[in-house]
file data-v1.cif (mmCIF, C-alpha atoms)
data_target
loop_
_atom_site.group_PDB
_atom_site.id
_atom_site.type_symbol
_atom_site.label_atom_id
_atom_site.label_comp_id
_atom_site.auth_asym_id
_atom_site.auth_seq_id
_atom_site.Cartn_x
_atom_site.Cartn_y
_atom_site.Cartn_z
ATOM 1 C CA MET A 232 65.815 28.771 52.357
ATOM 2 C CA ALA A 233 63.087 26.808 54.129
ATOM 3 C CA LEU A 234 63.260 23.092 54.847
ATOM 4 C CA PRO A 235 61.130 20.851 52.578
ATOM 5 C CA SER A 236 57.398 20.611 53.234
ATOM 6 C CA SER A 237 57.333 16.823 52.779
ATOM 7 C CA GLY A 238 59.597 13.814 52.466
ATOM 8 C CA ALA A 239 62.715 12.999 54.443
ATOM 9 C CA ILE A 240 64.358 15.571 56.715
ATOM 10 C CA SER A 241 67.734 14.856 58.279
ATOM 11 C CA LEU A 242 69.306 16.299 61.399
ATOM 12 C CA SER A 243 72.130 17.682 59.264
ATOM 13 C CA ALA A 244 69.595 19.530 57.064
ATOM 14 C CA ILE A 245 67.955 21.058 60.149
ATOM 15 C CA ALA A 246 71.364 22.049 61.514
ATOM 16 C CA SER A 247 72.340 23.607 58.187
ATOM 17 C CA GLU A 248 69.098 25.640 57.978
ATOM 18 C CA PHE A 249 69.514 27.056 61.475
ATOM 19 C CA GLY A 250 73.283 27.464 61.443
ATOM 20 C CA ASP A 251 74.232 24.968 64.134
ATOM 21 C CA SER A 252 77.748 23.558 64.322
ATOM 22 C CA THR A 253 78.479 19.910 65.115
ATOM 23 C CA PRO A 254 77.802 17.949 67.181
ATOM 24 C CA ASN A 255 74.037 18.284 66.650
ATOM 25 C CA SER A 256 71.130 17.137 68.789
ATOM 26 C CA ILE A 257 67.412 17.496 67.952
ATOM 27 C CA ASN A 258 66.886 18.960 71.443
ATOM 28 C CA GLU A 259 68.867 22.069 70.394
ATOM 29 C CA PHE A 260 66.125 23.138 68.003
ATOM 30 C CA TYR A 261 63.158 24.193 70.115
ATOM 31 C CA ARG A 262 61.310 27.211 68.730
ATOM 32 C CA GLY A 263 62.231 30.383 70.572
ATOM 33 C CA GLY A 264 65.617 29.030 71.651
ATOM 34 C CA SER A 265 68.959 30.300 70.432
ATOM 35 C CA LEU A 266 68.672 28.651 66.997
ATOM 36 C CA VAL A 267 65.042 28.512 65.817
ATOM 37 C CA PRO A 268 63.193 31.854 65.550
ATOM 38 C CA ASN A 269 59.801 32.079 67.238
ATOM 39 C CA SER A 270 58.146 33.144 63.991
ATOM 40 C CA SER A 271 54.907 32.286 62.226
ATOM 41 C CA VAL A 272 56.661 30.032 59.711
ATOM 42 C CA ASN A 273 57.925 27.848 62.589
ATOM 43 C CA THR A 274 54.675 27.359 64.518
ATOM 44 C CA ASN A 275 54.850 23.553 64.156
ATOM 45 C CA VAL A 276 58.178 23.413 65.980
ATOM 46 C CA PRO A 277 57.526 22.934 69.720
ATOM 47 C CA THR A 278 58.987 25.228 72.368
ATOM 48 C CA SER A 279 59.546 22.334 74.793
ATOM 49 C CA GLY A 280 58.739 18.667 75.329
ATOM 50 C CA GLN A 281 58.597 16.033 72.615
ATOM 51 C CA ILE A 282 60.218 17.065 69.335
ATOM 52 C CA SER A 283 60.677 15.177 66.062
ATOM 53 C CA PHE A 284 62.024 15.733 62.564
ATOM 54 C CA ASN A 285 58.460 15.953 61.185
ATOM 55 C CA ASP A 286 57.931 19.134 63.234
ATOM 56 C CA PHE A 287 60.355 20.889 60.896
ATOM 57 C CA TYR A 288 58.441 20.587 57.609
ATOM 58 C CA GLY A 289 58.556 24.070 56.030
ATOM 59 C CA ALA A 290 60.516 25.529 58.971
ATOM 60 C CA SER A 291 62.943 28.321 58.205
ATOM 61 C CA ASP A 292 65.668 30.423 59.768
ATOM 62 C CA GLN A 293 63.764 33.533 58.694
ATOM 63 C CA LEU A 294 62.215 35.741 61.361
ATOM 64 C CA TRP A 295 59.421 37.135 59.217
ATOM 65 C CA SER A 296 58.522 37.567 55.569
ATOM 66 C CA THR A 297 55.962 39.536 53.649
ATOM 67 C CA THR A 298 55.039 40.105 50.036
ATOM 68 C CA ILE A 299 54.472 43.733 49.132
ATOM 69 C CA THR A 300 51.989 44.552 46.382
ATOM 70 C CA ASN A 301 53.745 47.707 45.287
ATOM 71 C CA GLY A 302 52.150 51.117 45.169
ATOM 72 C CA TYR A 303 53.569 54.251 43.586
ATOM 73 C CA PHE A 304 53.195 57.902 44.464
ATOM 74 C CA SER A 305 55.034 61.070 43.465
ATOM 75 C CA ILE A 306 55.111 64.640 44.687
ATOM 76 C CA SER A 307 56.206 67.558 42.548
ATOM 77 C CA GLY A 308 57.805 70.646 43.985
ATOM 78 C CA PHE A 309 61.344 71.900 43.595
ATOM 79 C CA VAL A 310 62.064 68.319 42.481
ATOM 80 C CA PHE A 311 59.935 65.232 41.974
ATOM 81 C CA VAL A 312 60.080 62.706 44.791
ATOM 82 C CA PHE A 313 58.934 59.169 44.028
ATOM 83 C CA TYR A 314 57.671 56.604 46.522
ATOM 84 C CA ASN A 315 57.543 52.880 45.761
ATOM 85 C CA GLY A 316 56.400 49.946 47.879
ATOM 86 C CA PHE A 317 54.146 50.026 50.929
ATOM 87 C CA LYS A 318 53.000 52.702 53.356
ATOM 88 C CA SER A 319 50.069 52.573 55.748
ATOM 89 C CA GLY A 320 49.450 54.900 58.658
ATOM 90 C CA THR A 321 51.448 57.866 59.875
ATOM 91 C CA SER A 322 55.122 57.750 58.970
ATOM 92 C CA GLU A 323 57.713 59.746 60.885
ATOM 93 C CA ASP A 324 60.233 59.347 58.072
ATOM 94 C CA THR A 325 60.959 62.781 56.582
ATOM 95 C CA LEU A 326 60.184 61.763 53.011
ATOM 96 C CA PHE A 327 57.425 59.197 53.498
ATOM 97 C CA SER A 328 55.555 61.480 55.916
ATOM 98 C CA SER A 329 54.289 63.482 52.955
ATOM 99 C CA SER A 330 53.123 60.546 50.853
ATOM 100 C CA SER A 331 49.697 58.970 50.703
ATOM 101 C CA ASN A 332 49.083 55.389 51.783
ATOM 102 C CA ILE A 333 50.361 53.178 48.979
ATOM 103 C CA GLY A 334 50.502 49.473 48.194
ATOM 104 C CA SER A 335 49.584 46.573 50.457
ATOM 105 C CA GLY A 336 51.226 43.610 52.153
ATOM 106 C CA ASN A 337 50.064 40.040 52.643
ATOM 107 C CA ASP A 338 51.350 40.233 56.247
ATOM 108 C CA THR A 339 51.795 43.605 57.962
ATOM 109 C CA THR A 340 52.225 42.284 61.519
ATOM 110 C CA VAL A 341 55.964 42.213 62.209
ATOM 111 C CA ASP A 342 56.486 38.999 64.199
ATOM 112 C CA PHE A 343 59.986 39.664 65.496
ATOM 113 C CA LEU A 344 59.054 43.115 66.833
ATOM 114 C CA GLY A 345 56.260 41.934 69.083
ATOM 115 C CA GLY A 346 53.602 41.848 66.366
ATOM 116 C CA SER A 347 53.791 45.615 65.745
ATOM 117 C CA ASN A 348 52.161 47.150 62.673
ATOM 118 C CA LEU A 349 54.276 47.727 59.582
ATOM 119 C CA ILE A 350 54.157 51.415 58.604
ATOM 120 C CA VAL A 351 56.632 51.672 55.688
ATOM 121 C CA LEU A 352 58.518 49.152 53.594
ATOM 122 C CA GLY A 353 59.558 50.907 50.423
ATOM 123 C CA GLU A 354 61.865 53.317 48.670
ATOM 124 C CA SER A 355 61.884 57.059 48.210
ATOM 125 C CA SER A 356 63.972 58.547 45.434
ATOM 126 C CA VAL A 357 64.433 61.686 43.363
ATOM 127 C CA ASP A 358 65.544 59.906 40.190
ATOM 128 C CA GLN A 359 63.940 56.528 39.575
ATOM 129 C CA GLN A 360 66.163 55.733 36.621
ATOM 130 C CA SER A 361 69.598 56.007 38.257
ATOM 131 C CA GLY A 362 68.511 54.871 41.692
ATOM 132 C CA ASN A 363 70.283 56.341 44.727
ATOM 133 C CA GLY A 364 67.101 56.156 46.740
ATOM 134 C CA ASN A 365 66.466 55.530 50.426
ATOM 135 C CA ILE A 366 65.121 52.131 51.487
ATOM 136 C CA VAL A 367 62.866 52.582 54.521
ATOM 137 C CA PHE A 368 61.603 50.010 57.032
ATOM 138 C CA GLU A 369 59.367 51.627 59.669
ATOM 139 C CA VAL A 370 57.367 49.909 62.398
ATOM 140 C CA GLN A 371 54.859 51.273 64.876
ATOM 141 C CA GLY A 372 55.936 51.459 68.499
ATOM 142 C CA SER A 373 59.147 51.627 70.511
ATOM 143 C CA HIS A 374 61.854 49.168 69.488
ATOM 144 C CA SER A 375 65.597 48.962 70.055
ATOM 145 C CA ASN A 376 68.055 48.702 67.193
ATOM 146 C CA SER A 377 67.958 44.899 67.235
ATOM 147 C CA GLY A 378 65.677 41.992 66.394
ATOM 148 C CA PHE A 379 67.002 41.151 62.918
ATOM 149 C CA THR A 380 70.336 40.813 61.151
ATOM 150 C CA THR A 381 69.435 41.204 57.484
ATOM 151 C CA MET A 382 66.550 42.287 55.284
ATOM 152 C CA LYS A 383 66.511 40.597 51.880
ATOM 153 C CA ILE A 384 64.589 42.157 49.005
ATOM 154 C CA GLY A 385 64.812 40.071 45.862
ATOM 155 C CA GLY A 386 68.512 39.498 45.238
ATOM 156 C CA LEU A 387 69.596 42.380 47.486
ATOM 157 C CA THR A 388 70.685 42.038 51.113
ATOM 158 C CA PHE A 389 70.513 44.946 53.528
ATOM 159 C CA ASN A 390 72.378 44.582 56.832
ATOM 160 C CA ARG A 391 70.722 46.147 59.863
ATOM 161 C CA THR A 392 74.082 47.534 60.986
ATOM 162 C CA ASP A 393 74.360 49.518 57.712
ATOM 163 C CA ALA A 394 71.062 51.323 58.308
ATOM 164 C CA SER A 395 70.463 54.605 60.077
ATOM 165 C CA TYR A 396 68.214 53.753 63.039
ATOM 166 C CA THR A 397 65.852 56.259 64.667
ATOM 167 C CA GLN A 398 63.307 55.875 67.443
ATOM 168 C CA GLY A 399 60.650 58.519 66.925
ATOM 169 C CA SER A 400 57.756 59.515 69.145
ATOM 170 C CA SER A 401 55.522 56.760 67.734
ATOM 171 C CA ASN A 402 57.584 54.604 65.376
ATOM 172 C CA ALA A 403 60.991 52.977 64.984
ATOM 173 C CA ARG A 404 62.634 53.078 61.576
ATOM 174 C CA TRP A 405 65.671 51.874 59.714
ATOM 175 C CA VAL A 406 66.868 53.748 56.598
ATOM 176 C CA TRP A 407 69.458 52.562 54.091
ATOM 177 C CA SER A 408 70.525 55.782 52.334
ATOM 178 C CA SER A 409 71.642 56.374 48.755
ATOM 179 C CA VAL A 410 71.102 52.803 47.571
ATOM 180 C CA SER A 411 72.346 52.673 44.002
ATOM 181 C CA GLY A 412 70.710 50.773 41.167
ATOM 182 C CA ALA A 413 67.141 50.104 40.194
ATOM 183 C CA SER A 414 64.517 50.113 42.922
ATOM 184 C CA PRO A 415 63.808 46.600 44.250
ATOM 185 C CA PHE A 416 60.174 47.732 44.459
ATOM 186 C CA GLY A 417 60.021 48.709 40.779
ATOM 187 C CA THR A 418 59.083 52.126 39.427
ATOM 188 C CA VAL A 419 56.105 53.814 37.831
ATOM 189 C CA ASP A 420 57.815 53.414 34.440
ATOM 190 C CA SER A 421 58.953 49.843 35.119
ATOM 191 C CA PRO A 422 56.384 48.453 37.538
ATOM 192 C CA GLN A 423 57.021 45.358 39.597
ATOM 193 C CA THR A 424 53.733 44.096 40.979
ATOM 194 C CA ASN A 425 54.980 42.102 43.955
ATOM 195 C CA THR A 426 58.164 42.209 45.991
ATOM 196 C CA SER A 427 59.113 39.493 48.473
ATOM 197 C CA VAL A 428 60.918 40.697 51.604
ATOM 198 C CA VAL A 429 62.543 38.311 54.114
ATOM 199 C CA PHE A 430 64.002 39.219 57.499
ATOM 200 C CA GLU A 431 66.624 36.997 59.096
#
call {"tool": "encode", "arguments": {"input": "data-v1.cif", "output": "structure tokens"}}
result
Amino acid sequence: MALPSSGAISLSAIASEFGDSTPNSINEFYRGGSLVPNSSVNTNVPTSGQISFNDFYGASDQLWSTTITNGYFSISGFVFVFYNGFKSGTSEDTLFSSSSNIGSGNDTTVDFLGGSNLIVLGESSVDQQSGNGNIVFEVQGSHSNSGFTTMKIGGLTFNRTDASYTQGSSNARWVWSSVSGASPFGTVDSPQTNTSVVFE
């Protein structure tokens, strides 16, 4: 949860947001250091030099966030496969590689992976009603299995260490398989216009 955008900010509130244990010092909280992510939401926090509490208005422990305007696509064959969320460009994911570009995002430049383009942030499933789909996060370029700890979609938290990670010829991707329950991106039958996704 981000710090307030106005009013009083205390050192203890800053420490709580960025997970620092006592004793606390304002000089521990330079952007890009061990506590404050060098992300677009924290651009007012300096990387060195003079630092004050007012620099932390709206600052957050999150690495990157985006709001997906969900798209939907389905392919019929031996079974129907449904795609929900966002896809733009050429996906190397087995299921999303056959889908059209769908949805949009208010920010598709992934800050914590060097500003690489977002390729897929969505779900593929065979049965939209019972769930058990695959959540896919795919980014253009070469990236190691690091950079974030969790991906939060609505009330759901996906740990990076629970995902299957693959570095393809052009893209890196993380897949959380057989996720039960309703799609966090909504379905064609039960559409959800926008989905907020936060990486920490």
call {"tool": "resolve_selection", "arguments": {"input": "data-v1.cif", "expression": "the PyMOL selection byres ((chain A and resi 414) around 12)", "output": "count of residues only"}}
result
40
call {"tool": "closest_residue", "arguments": {"input": "data-v1.cif", "among": "A:Asn273, A:Asn402, A:Asn337, A:Ser279", "to": "Gly320 (chain A)", "atoms": "all atoms listed in the file"}}
result
A:Asn402
call {"tool": "resolve_selection", "arguments": {"input": "data-v1.cif", "expression": "the PyMOL selection byres ((chain A and resi 249) around 9)", "output": "PDB file with C-alpha atoms, in the frame of the given file"}}
result
ATOM      1  CA  ALA A 244      69.595  19.530  57.064  1.00  0.00           C
ATOM      2  CA  ILE A 245      67.955  21.058  60.149  1.00  0.00           C
ATOM      3  CA  ALA A 246      71.364  22.049  61.514  1.00  0.00           C
ATOM      4  CA  SER A 247      72.340  23.607  58.187  1.00  0.00           C
ATOM      5  CA  GLU A 248      69.098  25.640  57.978  1.00  0.00           C
ATOM      6  CA  GLY A 250      73.283  27.464  61.443  1.00  0.00           C
ATOM      7  CA  ASP A 251      74.232  24.968  64.134  1.00  0.00           C
ATOM      8  CA  PHE A 260      66.125  23.138  68.003  1.00  0.00           C
ATOM      9  CA  LEU A 266      68.672  28.651  66.997  1.00  0.00           C
ATOM     10  CA  VAL A 267      65.042  28.512  65.817  1.00  0.00           C
ATOM     11  CA  PRO A 268      63.193  31.854  65.550  1.00  0.00           C
ATOM     12  CA  SER A 291      62.943  28.321  58.205  1.00  0.00           C
ATOM     13  CA  ASP A 292      65.668  30.423  59.768  1.00  0.00           C
TER      14      ASP A 292
END
call {"tool": "closest_residue", "arguments": {"input": "data-v1.cif", "among": "A:Pro235, A:Gly263, A:Ile333, A:Asp324", "to": "Asn285 (chain A)", "atoms": "only C-alpha atoms"}}
result
A:Pro235
call {"tool": "residues_around", "arguments": {"input": "data-v1.cif", "residues": "Gly345 (chain A)", "least_positions_apart": "3", "cutoff": "12 Å", "atoms": "only C-alpha atoms", "output": "PyMOL selection string"}}
result
chain A and resi 269-271+294-295+340-342+348-349+370-375+378
call {"tool": "atom_distance", "arguments": {"input": "data-v1.cif", "atom1": "CA of Thr380 (chain A)", "atom2": "CA of Ala394 (chain A)"}}
result
10.9 Å
call {"tool": "atom_distance", "arguments": {"input": "data-v1.cif", "atom1": "CA of Ser328 (chain A)", "atom2": "CA of Ile306 (chain A)"}}
result
11.7 Å
call {"tool": "atom_distance", "arguments": {"input": "data-v1.cif", "atom1": "CA of Thr397 (chain A)", "atom2": "CA of Ser265 (chain A)"}}
result
26.8 Å
call {"tool": "resolve_selection", "arguments": {"input": "data-v1.cif", "expression": "the PyMOL selection byres ((chain A and resi 379) around 8)", "output": "MDAnalysis selection string"}}
result
chainID A and resid 294 343 377:378 380:382 391 430:431
call {"tool": "write_last_selection", "arguments": {"input": "data-v1.cif", "atoms": "C-alpha atoms", "output": "PDB file, in the frame of the given file"}}
result
ATOM      1  CA  LEU A 294      62.215  35.741  61.361  1.00  0.00           C
ATOM      2  CA  PHE A 343      59.986  39.664  65.496  1.00  0.00           C
ATOM      3  CA  SER A 377      67.958  44.899  67.235  1.00  0.00           C
ATOM      4  CA  GLY A 378      65.677  41.992  66.394  1.00  0.00           C
ATOM      5  CA  THR A 380      70.336  40.813  61.151  1.00  0.00           C
ATOM      6  CA  THR A 381      69.435  41.204  57.484  1.00  0.00           C
ATOM      7  CA  MET A 382      66.550  42.287  55.284  1.00  0.00           C
ATOM      8  CA  ARG A 391      70.722  46.147  59.863  1.00  0.00           C
ATOM      9  CA  PHE A 430      64.002  39.219  57.499  1.00  0.00           C
ATOM     10  CA  GLU A 431      66.624  36.997  59.096  1.00  0.00           C
TER      11      GLU A 431
END
call {"tool": "closest_residue", "arguments": {"input": "data-v1.cif", "among": "A:Val406, A:Phe389, A:Phe284, A:Gly346", "to": "Phe327 (chain A)", "atoms": "all atoms listed in the file"}}
result
A:Val406
call {"tool": "closest_residue", "arguments": {"input": "data-v1.cif", "among": "A:Leu326, A:Ile257, A:Leu242, A:Val429", "to": "Val272 (chain A)", "atoms": "all atoms listed in the file"}}
result
A:Val429
call {"tool": "decode", "arguments": {"input": "data-v1.cif", "residues": "region 328-411 of chain A", "atoms": "C-alpha atoms", "output": "compact mmCIF listing (two decimals), in the first residue's frame"}}
result
# COMPACT_ATOMS: atom_id res chain seq x y z
CA SER A 328 1.21 -18.19 -29.25
CA SER A 329 -1.95 -19.08 -31.15
CA SER A 330 -4.09 -16.21 -29.89
CA SER A 331 -4.63 -12.82 -31.45
CA ASN A 332 -3.53 -9.62 -29.73
CA ILE A 333 -6.07 -8.92 -27.01
CA GLY A 334 -6.72 -6.22 -24.42
CA SER A 335 -4.50 -3.29 -23.51
CA GLY A 336 -2.52 -1.98 -20.56
CA ASN A 337 -2.07 1.53 -19.20
CA ASP A 338 1.66 0.76 -18.77
CA THR A 339 3.31 -2.00 -20.81
CA THR A 340 6.93 -1.06 -20.05
CA VAL A 341 8.09 -3.36 -17.26
CA ASP A 342 10.23 -1.13 -15.03
CA PHE A 343 11.94 -3.81 -12.96
CA LEU A 344 13.04 -5.77 -16.05
CA GLY A 345 14.96 -2.94 -17.66
CA GLY A 346 11.93 -1.32 -19.30
CA SER A 347 11.22 -4.36 -21.51
CA ASN A 348 7.92 -4.67 -23.37
CA LEU A 349 5.10 -6.65 -21.78
CA ILE A 350 4.01 -9.45 -24.13
CA VAL A 351 1.42 -11.40 -22.09
CA LEU A 352 -0.34 -10.81 -18.79
CA GLY A 353 -3.40 -13.01 -18.77
CA GLU A 354 -4.92 -16.43 -18.37
CA SER A 355 -5.49 -19.33 -20.71
CA SER A 356 -8.02 -21.97 -19.77
CA VAL A 357 -10.11 -24.79 -21.20
CA ASP A 358 -13.06 -24.33 -18.84
CA GLN A 359 -13.77 -20.75 -17.81
CA GLN A 360 -16.39 -21.75 -15.27
CA SER A 361 -14.34 -24.07 -13.04
CA GLY A 362 -11.04 -22.30 -13.53
CA ASN A 363 -7.85 -24.38 -13.49
CA GLY A 364 -6.25 -22.08 -16.02
CA ASN A 365 -2.66 -20.98 -16.53
CA ILE A 366 -1.68 -17.45 -15.48
CA VAL A 367 1.03 -16.17 -17.83
CA PHE A 368 3.44 -13.25 -17.42
CA GLU A 369 5.72 -12.89 -20.46
CA VAL A 370 8.22 -10.13 -21.18
CA GLN A 371 10.32 -9.42 -24.25
CA GLY A 372 14.04 -10.04 -23.98
CA SER A 373 16.44 -12.11 -21.89
CA HIS A 374 15.85 -12.04 -18.15
CA SER A 375 16.89 -14.25 -15.25
CA ASN A 376 14.37 -15.80 -12.89
CA SER A 377 14.52 -12.83 -10.52
CA GLY A 378 13.49 -9.19 -10.27
CA PHE A 379 10.24 -9.60 -8.32
CA THR A 380 8.92 -11.59 -5.37
CA THR A 381 5.16 -11.53 -5.88
CA MET A 382 2.58 -10.63 -8.50
CA LYS A 383 -0.75 -9.51 -7.04
CA ILE A 384 -3.89 -9.64 -9.16
CA GLY A 385 -6.92 -8.37 -7.28
CA GLY A 386 -7.05 -10.35 -4.04
CA LEU A 387 -4.77 -13.11 -5.34
CA THR A 388 -1.03 -13.34 -4.72
CA PHE A 389 1.26 -15.31 -7.01
CA ASN A 390 4.78 -16.03 -5.75
CA ARG A 391 7.53 -15.99 -8.37
CA THR A 392 9.03 -19.14 -6.86
CA ASP A 393 5.75 -21.03 -7.54
CA ALA A 394 5.87 -20.25 -11.26
CA SER A 395 7.44 -22.27 -14.04
CA TYR A 396 10.12 -20.00 -15.54
CA THR A 397 11.36 -20.30 -19.13
CA GLN A 398 13.80 -18.21 -21.13
CA GLY A 399 12.86 -18.56 -24.78
CA SER A 400 14.66 -17.33 -27.87
CA SER A 401 13.07 -13.87 -27.62
CA ASN A 402 11.06 -13.69 -24.39
CA ALA A 403 11.15 -14.66 -20.72
CA ARG A 404 7.98 -15.99 -19.15
CA TRP A 405 6.56 -17.13 -15.86
CA VAL A 406 3.56 -19.51 -15.80
CA TRP A 407 1.44 -20.42 -12.78
CA SER A 408 -0.26 -23.67 -13.84
CA SER A 409 -3.68 -25.05 -12.96
CA VAL A 410 -4.82 -22.04 -10.93
CA SER A 411 -8.19 -22.95 -9.49
